[in-house]
file start_3.cif (mmCIF, C-alpha atoms)
data_input
#
loop_
_atom_site.group_PDB
_atom_site.id
_atom_site.type_symbol
_atom_site.label_atom_id
_atom_site.label_comp_id
_atom_site.auth_asym_id
_atom_site.auth_seq_id
_atom_site.Cartn_x
_atom_site.Cartn_y
_atom_site.Cartn_z
ATOM 1 C CA MET A 1 0.000 0.000 0.000
ATOM 2 C CA LYS A 2 1.285 3.457 -0.860
ATOM 3 C CA LEU A 3 1.508 6.148 1.796
ATOM 4 C CA ALA A 4 -1.110 8.264 -0.006
ATOM 5 C CA GLU A 5 -3.576 5.380 0.131
ATOM 6 C CA ALA A 6 -2.925 4.948 3.843
ATOM 7 C CA LEU A 7 -3.526 8.661 4.405
ATOM 8 C CA ALA A 8 -6.861 8.434 2.604
ATOM 9 C CA GLU A 9 -7.770 5.370 4.646
ATOM 10 C CA ARG A 10 -6.766 7.178 7.848
ATOM 11 C CA ALA A 11 -9.023 10.125 6.967
ATOM 12 C CA ALA A 12 -11.912 7.749 6.234
ATOM 13 C CA ALA A 13 -11.374 5.970 9.554
ATOM 14 C CA MET A 14 -11.386 9.291 11.414
ATOM 15 C CA ARG A 15 -14.683 10.238 9.743
ATOM 16 C CA GLN A 16 -16.108 6.817 10.591
ATOM 17 C CA VAL A 17 -15.142 7.217 14.260
ATOM 18 C CA GLU A 18 -16.893 10.592 14.396
ATOM 19 C CA GLN A 19 -20.014 9.140 12.785
ATOM 20 C CA LEU A 20 -20.012 6.199 15.199
ATOM 21 C CA ARG A 21 -19.513 8.585 18.130
ATOM 22 C CA ALA A 22 -22.624 10.523 17.111
ATOM 23 C CA ARG A 23 -24.615 7.306 16.721
ATOM 24 C CA VAL A 24 -23.488 6.032 20.145
ATOM 25 C CA LYS A 25 -24.488 9.324 21.762
ATOM 26 C CA GLY A 26 -27.877 9.156 20.056
ATOM 27 C CA SER A 27 -28.478 5.611 21.271
ATOM 28 C CA ALA A 28 -26.917 5.728 24.747
ATOM 29 C CA ARG A 29 -30.197 6.732 26.431
ATOM 30 C CA TYR A 30 -33.768 6.035 25.518
ATOM 31 C CA GLN A 31 -37.137 6.490 27.123
ATOM 32 C CA GLU A 32 -38.659 3.640 29.085
ATOM 33 C CA GLY A 33 -41.089 1.686 26.926
ATOM 34 C CA ASP A 34 -39.299 2.678 23.698
ATOM 35 C CA GLU A 35 -36.574 0.911 21.822
ATOM 36 C CA PRO A 36 -33.207 2.634 21.346
ATOM 37 C CA PRO A 37 -32.546 3.616 17.734
ATOM 38 C CA GLU A 38 -29.466 1.370 17.628
ATOM 39 C CA ASP A 39 -27.573 -1.022 19.911
ATOM 40 C CA ALA A 40 -25.153 1.342 21.663
ATOM 41 C CA ALA A 41 -22.951 -1.515 22.912
ATOM 42 C CA ALA A 42 -22.553 -2.904 19.382
ATOM 43 C CA LEU A 43 -21.731 0.579 18.113
ATOM 44 C CA LEU A 44 -19.078 0.971 20.825
ATOM 45 C CA ALA A 45 -17.581 -2.388 19.863
ATOM 46 C CA GLU A 46 -17.485 -1.323 16.210
ATOM 47 C CA THR A 47 -15.869 1.961 17.243
ATOM 48 C CA GLY A 48 -13.205 0.019 19.115
ATOM 49 C CA GLU A 49 -12.392 -2.005 15.999
ATOM 50 C CA VAL A 50 -12.116 1.123 13.871
ATOM 51 C CA LEU A 51 -9.911 2.795 16.495
ATOM 52 C CA THR A 52 -7.594 -0.223 16.592
ATOM 53 C CA ARG A 53 -7.265 -0.079 12.798
ATOM 54 C CA LEU A 54 -6.730 3.694 13.011
ATOM 55 C CA GLU A 55 -3.971 3.314 15.604
ATOM 56 C CA THR A 56 -2.135 0.856 13.353
ATOM 57 C CA LEU A 57 -2.473 3.191 10.373
ATOM 58 C CA ILE A 58 -1.229 6.196 12.351
ATOM 59 C CA ARG A 59 1.765 4.232 13.648
ATOM 60 C CA ARG A 60 2.679 3.033 10.157
ATOM 61 C CA VAL A 61 2.193 6.485 8.597
ATOM 62 C CA ASN A 62 4.376 8.088 11.283
ATOM 63 C CA LEU A 63 7.093 5.465 10.795
ATOM 64 C CA THR A 64 6.986 5.983 7.033
ATOM 65 C CA ASN A 65 7.057 9.785 7.399
ATOM 66 C CA ALA A 66 10.109 9.547 9.654
ATOM 67 C CA THR A 67 11.926 7.291 7.161
ATOM 68 C CA VAL A 68 11.085 8.540 3.655
ATOM 69 C CA ALA A 69 13.425 11.194 2.274
ATOM 70 C CA VAL A 70 12.199 14.303 0.475
ATOM 71 C CA GLU A 71 14.866 15.843 -1.720
ATOM 72 C CA GLY A 72 16.245 19.075 -0.368
ATOM 73 C CA VAL A 73 14.263 18.946 2.872
ATOM 74 C CA GLY A 74 15.145 15.819 4.831
ATOM 75 C CA THR A 75 12.522 13.310 5.863
ATOM 76 C CA LEU A 76 8.847 13.555 5.111
ATOM 77 C CA THR A 77 8.347 14.505 8.776
ATOM 78 C CA ASP A 78 10.757 17.410 8.241
ATOM 79 C CA ALA A 79 8.848 18.458 5.123
ATOM 80 C CA LEU A 80 5.513 18.365 6.976
ATOM 81 C CA ALA A 81 6.937 20.476 9.800
ATOM 82 C CA ARG A 82 8.367 22.941 7.280
ATOM 83 C CA ARG A 83 5.003 23.179 5.491
ATOM 84 C CA ASP A 84 3.151 23.793 8.773
ATOM 85 C CA VAL A 85 5.543 26.614 9.694
ATOM 86 C CA LEU A 86 5.346 28.123 6.206
ATOM 87 C CA ARG A 87 1.540 28.132 6.404
ATOM 88 C CA LEU A 88 1.723 29.869 9.767
ATOM 89 C CA ARG A 89 4.270 32.385 8.416
ATOM 90 C CA HIS A 90 1.985 33.094 5.421
ATOM 91 C CA SER A 91 -0.965 33.650 7.732
ATOM 92 C CA VAL A 92 1.003 36.058 9.929
ATOM 93 C CA LEU A 93 2.250 38.011 6.917
ATOM 94 C CA THR A 94 -1.183 38.341 5.316
ATOM 95 C CA ASP A 95 -2.769 39.313 8.636
ATOM 96 C CA ALA A 96 -0.071 41.953 9.178
ATOM 97 C CA ALA A 97 -0.536 43.326 5.658
ATOM 98 C CA ASP A 98 -4.320 43.423 6.099
ATOM 99 C CA ALA A 99 -3.991 45.216 9.445
ATOM 100 C CA ALA A 100 -1.510 47.750 8.051
ATOM 101 C CA ALA A 101 -3.812 48.373 5.091
ATOM 102 C CA GLY A 102 -6.749 48.971 7.449
ATOM 103 C CA ARG A 103 -8.663 45.878 6.332
ATOM 104 C CA ASP A 104 -9.132 44.623 9.864
ATOM 105 C CA GLN A 105 -11.801 47.285 10.381
ATOM 106 C CA HIS A 106 -15.385 46.848 9.275
ATOM 107 C CA GLY A 107 -15.749 48.517 5.887
ATOM 108 C CA PRO A 108 -14.038 51.639 4.623
ATOM 109 C CA ARG A 109 -13.379 54.234 7.287
ATOM 110 C CA ARG A 110 -14.282 57.795 6.472
ATOM 111 C CA GLN A 111 -11.949 60.410 7.730
ATOM 112 C CA LEU A 112 -12.743 64.028 8.408
ATOM 113 C CA ARG A 113 -10.141 66.748 8.153
ATOM 114 C CA SER A 114 -10.245 67.259 11.905
ATOM 115 C CA GLU A 115 -9.500 63.612 12.667
ATOM 116 C CA LEU A 116 -6.037 62.224 13.050
ATOM 117 C CA ARG A 117 -4.909 60.145 10.129
ATOM 118 C CA MET A 118 -4.174 56.451 10.492
ATOM 119 C CA LEU A 119 -0.773 55.472 9.118
ATOM 120 C CA ALA A 120 0.594 52.067 8.254
ATOM 121 C CA ALA A 121 3.446 50.994 10.527
ATOM 122 C CA LEU A 122 4.428 48.243 8.102
ATOM 123 C CA PRO A 123 5.116 48.234 4.342
ATOM 124 C CA VAL A 124 1.960 46.618 2.949
ATOM 125 C CA ALA A 125 3.352 45.966 -0.538
ATOM 126 C CA GLY A 126 6.497 44.366 0.868
ATOM 127 C CA LEU A 127 4.491 42.146 3.194
ATOM 128 C CA ARG A 128 2.228 41.051 0.351
ATOM 129 C CA ALA A 129 5.253 40.263 -1.835
ATOM 130 C CA GLU A 130 6.813 38.244 0.984
ATOM 131 C CA ALA A 131 3.505 36.420 1.571
ATOM 132 C CA ASP A 132 3.334 35.601 -2.149
ATOM 133 C CA ALA A 133 6.869 34.172 -2.042
ATOM 134 C CA VAL A 134 5.980 32.055 0.995
ATOM 135 C CA ALA A 135 2.794 30.835 -0.722
ATOM 136 C CA LYS A 136 4.864 29.800 -3.736
ATOM 137 C CA GLU A 137 7.272 27.899 -1.480
ATOM 138 C CA ILE A 138 4.296 26.168 0.191
ATOM 139 C CA ARG A 139 2.939 25.085 -3.200
ATOM 140 C CA HIS A 140 6.298 23.681 -4.308
ATOM 141 C CA LEU A 141 6.850 21.876 -1.004
ATOM 142 C CA ASP A 142 3.322 20.511 -1.069
ATOM 143 C CA LEU A 143 3.957 19.045 -4.531
ATOM 144 C CA ARG A 144 7.097 17.293 -3.267
ATOM 145 C CA ILE A 145 5.167 15.955 -0.267
ATOM 146 C CA GLN A 146 2.375 14.657 -2.509
ATOM 147 C CA GLN A 147 4.916 13.051 -4.814
ATOM 148 C CA ALA A 148 6.558 11.302 -1.856
ATOM 149 C CA ASN A 149 3.146 10.156 -0.615
ATOM 150 C CA TRP A 150 2.391 8.462 -3.922
ATOM 151 C CA GLU A 151 5.861 6.972 -4.384
ATOM 152 C CA ALA A 152 6.539 5.687 -0.858
ATOM 153 C CA ASP A 153 5.364 2.308 0.280
ATOM 154 C CA LEU A 154 3.798 2.208 3.732
ATOM 155 C CA LEU A 155 6.200 0.686 6.260
ATOM 156 C CA ASP A 156 5.293 -1.792 8.986
#
call {"tool": "encode", "arguments": {"input": "start_3.cif", "output": "structure tokens"}}
result
Amino acid sequence: MKLAEALAERAAAMRQVEQLRARVKGSARYQEGDEPPEDAAALLAETGEVLTRLETLIRRVNLTNATVAVEGVGTLTDALARRDVLRLRHSVLTDAADAAAGRDQHGPRRQLRSELRMLAALPVAGLRAEADAVAKEIRHLDLRIQQANWEADLLD
């Protein structure tokens, strides 16, 4: 199985656990004289099986991520950490540019001659250019991560 397939299976298992959780909660109590919508104990047992499968998948994905090399970055784990930090950096830069441009306020702000002017403490154009460069780096790194996901076999 390829790493990408395992990641898709992991996501499906996580969704299944959430669906089972909701069904267990909906069936855990019922009014006397009525029948519960579903057998809560059977649902819990099914949830346990899915969680066991999920744990195995997570362990194998983590092992694979720590082993597979991504050119120019290190391991896949290193690449994922780099991508997370780049996304955070991009968010900070765009938020700073928006705040300096006055976009954090609700709608355009009218200014009378007698009011003090609001000035940008940061270079908006420079921040936007830097954010664009970071976004480009994220896209390129994400492509290398996806390529590694489809090329790497899942380890045991």
call {"tool": "atom_distance", "arguments": {"input": "start_3.cif", "atom1": "atom CA of Thr47 of chain A", "atom2": "atom CA of Leu3 of chain A"}}
result
23.6 Å
call {"tool": "atom_distance", "arguments": {"input": "start_3.cif", "atom1": "atom CA of Ala13 of chain A", "atom2": "atom CA of Tyr30 of chain A"}}
result
27.5 Å
call {"tool": "residues_around", "arguments": {"input": "start_3.cif", "residues": "segment 40-42 of chain A", "least_positions_apart": "2", "cutoff": "12 Å", "atoms": "all atoms listed in the file", "output": "compact mmCIF listing (two decimals) with C-alpha atoms, in the coordinates of the input"}}
result
# COMPACT_ATOMS: atom_id res chain seq x y z
CA LEU A 20 -20.01 6.20 15.20
CA ARG A 21 -19.51 8.59 18.13
CA ALA A 22 -22.62 10.52 17.11
CA ARG A 23 -24.62 7.31 16.72
CA VAL A 24 -23.49 6.03 20.14
CA LYS A 25 -24.49 9.32 21.76
CA GLY A 26 -27.88 9.16 20.06
CA SER A 27 -28.48 5.61 21.27
CA ALA A 28 -26.92 5.73 24.75
CA ARG A 29 -30.20 6.73 26.43
CA TYR A 30 -33.77 6.04 25.52
CA GLU A 35 -36.57 0.91 21.82
CA PRO A 36 -33.21 2.63 21.35
CA PRO A 37 -32.55 3.62 17.73
CA GLU A 38 -29.47 1.37 17.63
CA LEU A 44 -19.08 0.97 20.82
CA ALA A 45 -17.58 -2.39 19.86
CA GLU A 46 -17.48 -1.32 16.21
CA THR A 47 -15.87 1.96 17.24
CA GLY A 48 -13.20 0.02 19.11
CA GLU A 49 -12.39 -2.00 16.00
call {"tool": "resolve_selection", "arguments": {"input": "start_3.cif", "expression": "the PyMOL selection byres ((chain A and resi 138) around 12)", "output": "number ranges by chain"}}
result
A: 79-91, 131-137, 139-146
call {"tool": "atom_distance", "arguments": {"input": "start_3.cif", "atom1": "atom CA of Met14 of chain A", "atom2": "atom CA of Leu51 of chain A"}}
result
8.4 Å
call {"tool": "resolve_selection", "arguments": {"input": "start_3.cif", "expression": "the PyMOL selection byres ((chain A and resi 149) around 9)", "output": "MDAnalysis selection string"}}
result
chainID A and resid 2:5 7 65 76 144:148 150:153
call {"tool": "resolve_selection", "arguments": {"input": "start_3.cif", "expression": "the PyMOL selection byres ((chain A and resi 117-121) around 9)", "output": "PyMOL selection string"}}
result
chain A and resi 99-102+111-113+115-116+122-124
call {"tool": "closest_residue", "arguments": {"input": "start_3.cif", "among": "A:Val70, A:Thr77, A:Arg10, A:Gln16", "to": "Glu55 of chain A", "atoms": "all atoms listed in the file"}}
result
A:Arg10
call {"tool": "axis_aligned_box", "arguments": {"input": "start_3.cif", "around": "segment 85-91 of chain A", "padding_each_side": "5 Å", "output": "JSON"}}
result
{"center_x": 2.3, "center_y": 30.1, "center_z": 7.6, "size_x": 16.5, "size_y": 17.0, "size_z": 14.3}
call {"tool": "decode", "arguments": {"input": "start_3.cif", "residues": "segment 13-132 of chain A", "atoms": "C-alpha atoms", "output": "mmCIF file, in the first residue's frame"}}
result
data_model
loop_
_atom_site.group_PDB
_atom_site.id
_atom_site.type_symbol
_atom_site.label_atom_id
_atom_site.label_comp_id
_atom_site.auth_asym_id
_atom_site.auth_seq_id
_atom_site.Cartn_x
_atom_site.Cartn_y
_atom_site.Cartn_z
ATOM 1 C CA ALA A 13 -11.374 5.970 9.554
ATOM 2 C CA MET A 14 -11.386 9.291 11.414
ATOM 3 C CA ARG A 15 -14.683 10.238 9.743
ATOM 4 C CA GLN A 16 -16.108 6.817 10.591
ATOM 5 C CA VAL A 17 -15.142 7.217 14.260
ATOM 6 C CA GLU A 18 -16.893 10.592 14.396
ATOM 7 C CA GLN A 19 -20.014 9.140 12.785
ATOM 8 C CA LEU A 20 -20.012 6.199 15.199
ATOM 9 C CA ARG A 21 -19.513 8.585 18.130
ATOM 10 C CA ALA A 22 -22.624 10.523 17.111
ATOM 11 C CA ARG A 23 -24.615 7.306 16.721
ATOM 12 C CA VAL A 24 -23.488 6.032 20.145
ATOM 13 C CA LYS A 25 -24.488 9.324 21.762
ATOM 14 C CA GLY A 26 -27.877 9.156 20.056
ATOM 15 C CA SER A 27 -28.478 5.611 21.271
ATOM 16 C CA ALA A 28 -26.917 5.728 24.747
ATOM 17 C CA ARG A 29 -30.197 6.732 26.431
ATOM 18 C CA TYR A 30 -33.768 6.035 25.518
ATOM 19 C CA GLN A 31 -37.137 6.490 27.123
ATOM 20 C CA GLU A 32 -38.659 3.640 29.085
ATOM 21 C CA GLY A 33 -41.089 1.686 26.926
ATOM 22 C CA ASP A 34 -39.299 2.678 23.698
ATOM 23 C CA GLU A 35 -36.574 0.911 21.822
ATOM 24 C CA PRO A 36 -33.207 2.634 21.346
ATOM 25 C CA PRO A 37 -32.546 3.616 17.734
ATOM 26 C CA GLU A 38 -29.466 1.370 17.628
ATOM 27 C CA ASP A 39 -27.573 -1.022 19.911
ATOM 28 C CA ALA A 40 -25.153 1.342 21.663
ATOM 29 C CA ALA A 41 -22.951 -1.515 22.912
ATOM 30 C CA ALA A 42 -22.553 -2.904 19.382
ATOM 31 C CA LEU A 43 -21.731 0.579 18.113
ATOM 32 C CA LEU A 44 -19.078 0.971 20.825
ATOM 33 C CA ALA A 45 -17.581 -2.388 19.863
ATOM 34 C CA GLU A 46 -17.485 -1.323 16.210
ATOM 35 C CA THR A 47 -15.869 1.961 17.243
ATOM 36 C CA GLY A 48 -13.205 0.019 19.115
ATOM 37 C CA GLU A 49 -12.392 -2.005 15.999
ATOM 38 C CA VAL A 50 -12.116 1.123 13.871
ATOM 39 C CA LEU A 51 -9.911 2.795 16.495
ATOM 40 C CA THR A 52 -7.594 -0.223 16.592
ATOM 41 C CA ARG A 53 -7.265 -0.079 12.798
ATOM 42 C CA LEU A 54 -6.730 3.694 13.011
ATOM 43 C CA GLU A 55 -3.971 3.314 15.604
ATOM 44 C CA THR A 56 -2.135 0.856 13.353
ATOM 45 C CA LEU A 57 -2.473 3.191 10.373
ATOM 46 C CA ILE A 58 -1.229 6.196 12.351
ATOM 47 C CA ARG A 59 1.765 4.232 13.648
ATOM 48 C CA ARG A 60 2.679 3.033 10.157
ATOM 49 C CA VAL A 61 2.193 6.485 8.597
ATOM 50 C CA ASN A 62 4.376 8.088 11.283
ATOM 51 C CA LEU A 63 7.093 5.465 10.795
ATOM 52 C CA THR A 64 6.986 5.983 7.033
ATOM 53 C CA ASN A 65 7.057 9.785 7.399
ATOM 54 C CA ALA A 66 10.109 9.547 9.654
ATOM 55 C CA THR A 67 11.926 7.291 7.161
ATOM 56 C CA VAL A 68 11.085 8.540 3.655
ATOM 57 C CA ALA A 69 13.425 11.194 2.274
ATOM 58 C CA VAL A 70 12.199 14.303 0.475
ATOM 59 C CA GLU A 71 14.866 15.843 -1.720
ATOM 60 C CA GLY A 72 16.245 19.075 -0.368
ATOM 61 C CA VAL A 73 14.263 18.946 2.872
ATOM 62 C CA GLY A 74 15.145 15.819 4.831
ATOM 63 C CA THR A 75 12.522 13.310 5.863
ATOM 64 C CA LEU A 76 8.847 13.555 5.111
ATOM 65 C CA THR A 77 8.347 14.505 8.776
ATOM 66 C CA ASP A 78 10.757 17.410 8.241
ATOM 67 C CA ALA A 79 8.848 18.458 5.123
ATOM 68 C CA LEU A 80 5.513 18.365 6.976
ATOM 69 C CA ALA A 81 6.937 20.476 9.800
ATOM 70 C CA ARG A 82 8.367 22.941 7.280
ATOM 71 C CA ARG A 83 5.003 23.179 5.491
ATOM 72 C CA ASP A 84 3.151 23.793 8.773
ATOM 73 C CA VAL A 85 5.543 26.614 9.694
ATOM 74 C CA LEU A 86 5.346 28.123 6.206
ATOM 75 C CA ARG A 87 1.540 28.132 6.404
ATOM 76 C CA LEU A 88 1.723 29.869 9.767
ATOM 77 C CA ARG A 89 4.270 32.385 8.416
ATOM 78 C CA HIS A 90 1.985 33.094 5.421
ATOM 79 C CA SER A 91 -0.965 33.650 7.732
ATOM 80 C CA VAL A 92 1.003 36.058 9.929
ATOM 81 C CA LEU A 93 2.250 38.011 6.917
ATOM 82 C CA THR A 94 -1.183 38.341 5.316
ATOM 83 C CA ASP A 95 -2.769 39.313 8.636
ATOM 84 C CA ALA A 96 -0.071 41.953 9.178
ATOM 85 C CA ALA A 97 -0.536 43.326 5.658
ATOM 86 C CA ASP A 98 -4.320 43.423 6.099
ATOM 87 C CA ALA A 99 -3.991 45.216 9.445
ATOM 88 C CA ALA A 100 -1.510 47.750 8.051
ATOM 89 C CA ALA A 101 -3.812 48.373 5.091
ATOM 90 C CA GLY A 102 -6.749 48.971 7.449
ATOM 91 C CA ARG A 103 -8.663 45.878 6.332
ATOM 92 C CA ASP A 104 -9.132 44.623 9.864
ATOM 93 C CA GLN A 105 -11.801 47.285 10.381
ATOM 94 C CA HIS A 106 -15.385 46.848 9.275
ATOM 95 C CA GLY A 107 -15.749 48.517 5.887
ATOM 96 C CA PRO A 108 -14.038 51.639 4.623
ATOM 97 C CA ARG A 109 -13.379 54.234 7.287
ATOM 98 C CA ARG A 110 -14.282 57.795 6.472
ATOM 99 C CA GLN A 111 -11.949 60.410 7.730
ATOM 100 C CA LEU A 112 -12.743 64.028 8.408
ATOM 101 C CA ARG A 113 -10.141 66.748 8.153
ATOM 102 C CA SER A 114 -10.245 67.259 11.905
ATOM 103 C CA GLU A 115 -9.500 63.612 12.667
ATOM 104 C CA LEU A 116 -6.037 62.224 13.050
ATOM 105 C CA ARG A 117 -4.909 60.145 10.129
ATOM 106 C CA MET A 118 -4.174 56.451 10.492
ATOM 107 C CA LEU A 119 -0.773 55.472 9.118
ATOM 108 C CA ALA A 120 0.594 52.067 8.254
ATOM 109 C CA ALA A 121 3.446 50.994 10.527
ATOM 110 C CA LEU A 122 4.428 48.243 8.102
ATOM 111 C CA PRO A 123 5.116 48.234 4.342
ATOM 112 C CA VAL A 124 1.960 46.618 2.949
ATOM 113 C CA ALA A 125 3.352 45.966 -0.538
ATOM 114 C CA GLY A 126 6.497 44.366 0.868
ATOM 115 C CA LEU A 127 4.491 42.146 3.194
ATOM 116 C CA ARG A 128 2.228 41.051 0.351
ATOM 117 C CA ALA A 129 5.253 40.263 -1.835
ATOM 118 C CA GLU A 130 6.813 38.244 0.984
ATOM 119 C CA ALA A 131 3.505 36.420 1.571
ATOM 120 C CA ASP A 132 3.334 35.601 -2.149
#
